[in-house]
Structures are given as C-alpha cells and as structure tokens.
Amino acid sequence: MKRKKRLAKGIESLKRQIEIHKEKLKKAVEEGQEELASYYVKDIARLEKEEKKKEEKLRREQLIF
C-alpha cells in the first residue's frame with residue numbers, strides 16, 4: 001500500500017515539475033536564451049520519461065494486489 005501511495009505522489013510531483021519547466025521554457029524562448037531553452041527541452045523529455053516509468057510501475061503494482 002505504501003509503495004502505491006509513494007508512486008502516485010511521485011507521479012504528481014513530476015507532473016508539477018514538468019509544468020514548471022514548460023513555463024520556464026516559454027520564458028527562455030521569449031527572452032532568446034537558446035542554451036537555457038535547450039536545457040529545458042531535454043529536462044522535460046527526461047521528466048516525462050521518468051513519469052511514464054513510474055506510471056508503469058504503479059500499473060504493475062495494482063495488478064499484483
């Protein structure tokens with residue numbers, strides 16, 4: 001039970017972080033900061049990949065119980 005709750009909380013945290021990074025990306029693009037924008041694009045992709053992994057783990061946990 002704790003593992004499911006922890007995974008769900010982690011997924012929500014990642015979603016918030018992705019939204020924050022998307023806002024920062026938009027601001028960096030508007031200000032013409034290409035290097036910073038590039039960083040945010042890569043980091044958003046990394047966070048989305050991590051979110052999918054956690055969602056898959058959560059699905060497997062739900063199938064077990």
# chains A, B, ... in the order shown; residues from 1 in each chain; ligands from 1
$ residues_around --residues "A:Leu58" --least-positions-apart "3" --cutoff "9 Å" --atoms "only C-alpha atoms" --output "VMD selection string"
chain A and resid 3 to 4 7 to 8 53 to 55 61 to 63
$ residues_around --residues "stretch 14-22 of chain A" --least-positions-apart "2" --cutoff "10 Å" --atoms "only C-alpha atoms" --output "list in words"
Ala8, Lys9, Gly10, Ile11, Glu12, Lys24, Leu25, Lys26, Lys27, Ala28, Ala37, Tyr39, Tyr40, Val41, Asp43, Ile44, Ala45, Arg46, Leu47, Glu48, Glu50, Glu51 and Lys54 of chain A
$ decode --residues "stretch 9-49 of chain A" --atoms "N, CA and C atoms" --output "PDB file, in the first residue's frame"
ATOM      1  N   LYS A   9       2.309   9.725  -5.508  1.00  0.00           N
ATOM      2  CA  LYS A   9       2.796  11.038  -5.073  1.00  0.00           C
ATOM      3  C   LYS A   9       3.967  11.488  -5.949  1.00  0.00           C
ATOM      4  N   GLY A  10       4.845  10.553  -6.298  1.00  0.00           N
ATOM      5  CA  GLY A  10       5.979  10.861  -7.166  1.00  0.00           C
ATOM      6  C   GLY A  10       5.530  11.285  -8.553  1.00  0.00           C
ATOM      7  N   ILE A  11       4.491  10.646  -9.068  1.00  0.00           N
ATOM      8  CA  ILE A  11       3.961  10.992 -10.391  1.00  0.00           C
ATOM      9  C   ILE A  11       3.389  12.407 -10.367  1.00  0.00           C
ATOM     10  N   GLU A  12       2.648  12.732  -9.329  1.00  0.00           N
ATOM     11  CA  GLU A  12       2.081  14.083  -9.209  1.00  0.00           C
ATOM     12  C   GLU A  12       3.190  15.124  -9.126  1.00  0.00           C
ATOM     13  N   SER A  13       4.226  14.816  -8.396  1.00  0.00           N
ATOM     14  CA  SER A  13       5.355  15.729  -8.258  1.00  0.00           C
ATOM     15  C   SER A  13       6.031  15.954  -9.611  1.00  0.00           C
ATOM     16  N   LEU A  14       6.188  14.888 -10.371  1.00  0.00           N
ATOM     17  CA  LEU A  14       6.803  15.007 -11.699  1.00  0.00           C
ATOM     18  C   LEU A  14       5.938  15.846 -12.632  1.00  0.00           C
ATOM     19  N   LYS A  15       4.630  15.680 -12.550  1.00  0.00           N
ATOM     20  CA  LYS A  15       3.724  16.469 -13.388  1.00  0.00           C
ATOM     21  C   LYS A  15       3.855  17.955 -13.072  1.00  0.00           C
ATOM     22  N   ARG A  16       3.936  18.284 -11.774  1.00  0.00           N
ATOM     23  CA  ARG A  16       4.113  19.697 -11.394  1.00  0.00           C
ATOM     24  C   ARG A  16       5.438  20.231 -11.905  1.00  0.00           C
ATOM     25  N   GLN A  17       6.493  19.422 -11.791  1.00  0.00           N
ATOM     26  CA  GLN A  17       7.816  19.845 -12.235  1.00  0.00           C
ATOM     27  C   GLN A  17       7.829  20.063 -13.751  1.00  0.00           C
ATOM     28  N   ILE A  18       7.152  19.211 -14.491  1.00  0.00           N
ATOM     29  CA  ILE A  18       7.073  19.363 -15.948  1.00  0.00           C
ATOM     30  C   ILE A  18       6.381  20.674 -16.292  1.00  0.00           C
ATOM     31  N   GLU A  19       5.288  20.973 -15.614  1.00  0.00           N
ATOM     32  CA  GLU A  19       4.567  22.226 -15.874  1.00  0.00           C
ATOM     33  C   GLU A  19       5.445  23.439 -15.569  1.00  0.00           C
ATOM     34  N   ILE A  20       6.169  23.386 -14.464  1.00  0.00           N
ATOM     35  CA  ILE A  20       7.077  24.490 -14.112  1.00  0.00           C
ATOM     36  C   ILE A  20       8.134  24.664 -15.184  1.00  0.00           C
ATOM     37  N   HIS A  21       8.704  23.556 -15.644  1.00  0.00           N
ATOM     38  CA  HIS A  21       9.747  23.630 -16.671  1.00  0.00           C
ATOM     39  C   HIS A  21       9.182  24.149 -17.991  1.00  0.00           C
ATOM     40  N   LYS A  22       7.949  23.790 -18.316  1.00  0.00           N
ATOM     41  CA  LYS A  22       7.338  24.292 -19.551  1.00  0.00           C
ATOM     42  C   LYS A  22       7.165  25.803 -19.490  1.00  0.00           C
ATOM     43  N   GLU A  23       6.781  26.320 -18.324  1.00  0.00           N
ATOM     44  CA  GLU A  23       6.652  27.760 -18.167  1.00  0.00           C
ATOM     45  C   GLU A  23       8.010  28.448 -18.303  1.00  0.00           C
ATOM     46  N   LYS A  24       9.029  27.854 -17.683  1.00  0.00           N
ATOM     47  CA  LYS A  24      10.375  28.412 -17.762  1.00  0.00           C
ATOM     48  C   LYS A  24      10.906  28.343 -19.192  1.00  0.00           C
ATOM     49  N   LEU A  25      10.568  27.270 -19.911  1.00  0.00           N
ATOM     50  CA  LEU A  25      10.969  27.129 -21.306  1.00  0.00           C
ATOM     51  C   LEU A  25      10.361  28.250 -22.138  1.00  0.00           C
ATOM     52  N   LYS A  26       9.092  28.496 -21.930  1.00  0.00           N
ATOM     53  CA  LYS A  26       8.400  29.556 -22.667  1.00  0.00           C
ATOM     54  C   LYS A  26       9.076  30.903 -22.413  1.00  0.00           C
ATOM     55  N   LYS A  27       9.409  31.167 -21.165  1.00  0.00           N
ATOM     56  CA  LYS A  27      10.064  32.423 -20.803  1.00  0.00           C
ATOM     57  C   LYS A  27      11.460  32.518 -21.436  1.00  0.00           C
ATOM     58  N   ALA A  28      12.203  31.426 -21.423  1.00  0.00           N
ATOM     59  CA  ALA A  28      13.547  31.405 -22.000  1.00  0.00           C
ATOM     60  C   ALA A  28      13.489  31.656 -23.505  1.00  0.00           C
ATOM     61  N   VAL A  29      12.489  31.083 -24.180  1.00  0.00           N
ATOM     62  CA  VAL A  29      12.334  31.284 -25.628  1.00  0.00           C
ATOM     63  C   VAL A  29      12.001  32.742 -25.916  1.00  0.00           C
ATOM     64  N   GLU A  30      11.102  33.312 -25.114  1.00  0.00           N
ATOM     65  CA  GLU A  30      10.729  34.716 -25.302  1.00  0.00           C
ATOM     66  C   GLU A  30      11.918  35.654 -25.115  1.00  0.00           C
ATOM     67  N   GLU A  31      12.803  35.302 -24.182  1.00  0.00           N
ATOM     68  CA  GLU A  31      13.970  36.137 -23.896  1.00  0.00           C
ATOM     69  C   GLU A  31      15.147  35.825 -24.811  1.00  0.00           C
ATOM     70  N   GLY A  32      15.005  34.824 -25.659  1.00  0.00           N
ATOM     71  CA  GLY A  32      16.048  34.485 -26.615  1.00  0.00           C
ATOM     72  C   GLY A  32      17.226  33.737 -26.014  1.00  0.00           C
ATOM     73  N   GLN A  33      17.024  33.077 -24.913  1.00  0.00           N
ATOM     74  CA  GLN A  33      18.091  32.307 -24.263  1.00  0.00           C
ATOM     75  C   GLN A  33      18.058  30.877 -24.797  1.00  0.00           C
ATOM     76  N   GLU A  34      18.771  30.671 -25.892  1.00  0.00           N
ATOM     77  CA  GLU A  34      18.718  29.383 -26.591  1.00  0.00           C
ATOM     78  C   GLU A  34      19.290  28.232 -25.766  1.00  0.00           C
ATOM     79  N   GLU A  35      20.395  28.462 -25.073  1.00  0.00           N
ATOM     80  CA  GLU A  35      21.007  27.392 -24.290  1.00  0.00           C
ATOM     81  C   GLU A  35      20.089  26.946 -23.157  1.00  0.00           C
ATOM     82  N   LEU A  36      19.486  27.910 -22.494  1.00  0.00           N
ATOM     83  CA  LEU A  36      18.574  27.592 -21.402  1.00  0.00           C
ATOM     84  C   LEU A  36      17.332  26.871 -21.931  1.00  0.00           C
ATOM     85  N   ALA A  37      16.835  27.319 -23.060  1.00  0.00           N
ATOM     86  CA  ALA A  37      15.680  26.674 -23.682  1.00  0.00           C
ATOM     87  C   ALA A  37      16.012  25.228 -24.051  1.00  0.00           C
ATOM     88  N   SER A  38      17.196  25.017 -24.576  1.00  0.00           N
ATOM     89  CA  SER A  38      17.630  23.668 -24.939  1.00  0.00           C
ATOM     90  C   SER A  38      17.680  22.771 -23.704  1.00  0.00           C
ATOM     91  N   TYR A  39      18.174  23.317 -22.605  1.00  0.00           N
ATOM     92  CA  TYR A  39      18.227  22.564 -21.353  1.00  0.00           C
ATOM     93  C   TYR A  39      16.829  22.146 -20.918  1.00  0.00           C
ATOM     94  N   TYR A  40      15.888  23.088 -20.954  1.00  0.00           N
ATOM     95  CA  TYR A  40      14.524  22.786 -20.511  1.00  0.00           C
ATOM     96  C   TYR A  40      13.854  21.752 -21.404  1.00  0.00           C
ATOM     97  N   VAL A  41      14.097  21.808 -22.696  1.00  0.00           N
ATOM     98  CA  VAL A  41      13.520  20.816 -23.615  1.00  0.00           C
ATOM     99  C   VAL A  41      14.019  19.418 -23.238  1.00  0.00           C
ATOM    100  N   LYS A  42      15.320  19.296 -23.002  1.00  0.00           N
ATOM    101  CA  LYS A  42      15.891  17.994 -22.645  1.00  0.00           C
ATOM    102  C   LYS A  42      15.397  17.527 -21.285  1.00  0.00           C
ATOM    103  N   ASP A  43      15.313  18.463 -20.334  1.00  0.00           N
ATOM    104  CA  ASP A  43      14.887  18.089 -18.995  1.00  0.00           C
ATOM    105  C   ASP A  43      13.406  17.690 -18.969  1.00  0.00           C
ATOM    106  N   ILE A  44      12.582  18.366 -19.750  1.00  0.00           N
ATOM    107  CA  ILE A  44      11.167  17.996 -19.845  1.00  0.00           C
ATOM    108  C   ILE A  44      11.040  16.580 -20.401  1.00  0.00           C
ATOM    109  N   ALA A  45      11.822  16.272 -21.417  1.00  0.00           N
ATOM    110  CA  ALA A  45      11.791  14.922 -22.003  1.00  0.00           C
ATOM    111  C   ALA A  45      12.205  13.885 -20.966  1.00  0.00           C
ATOM    112  N   ARG A  46      13.229  14.205 -20.178  1.00  0.00           N
ATOM    113  CA  ARG A  46      13.704  13.286 -19.148  1.00  0.00           C
ATOM    114  C   ARG A  46      12.628  13.072 -18.084  1.00  0.00           C
ATOM    115  N   LEU A  47      11.996  14.151 -17.654  1.00  0.00           N
ATOM    116  CA  LEU A  47      10.950  14.050 -16.633  1.00  0.00           C
ATOM    117  C   LEU A  47       9.744  13.264 -17.145  1.00  0.00           C
ATOM    118  N   GLU A  48       9.381  13.474 -18.401  1.00  0.00           N
ATOM    119  CA  GLU A  48       8.251  12.728 -18.975  1.00  0.00           C
ATOM    120  C   GLU A  48       8.560  11.241 -19.057  1.00  0.00           C
ATOM    121  N   LYS A  49       9.802  10.917 -19.406  1.00  0.00           N
ATOM    122  CA  LYS A  49      10.213   9.517 -19.475  1.00  0.00           C
ATOM    123  C   LYS A  49      10.154   8.875 -18.082  1.00  0.00           C
TER     124      LYS A  49
END
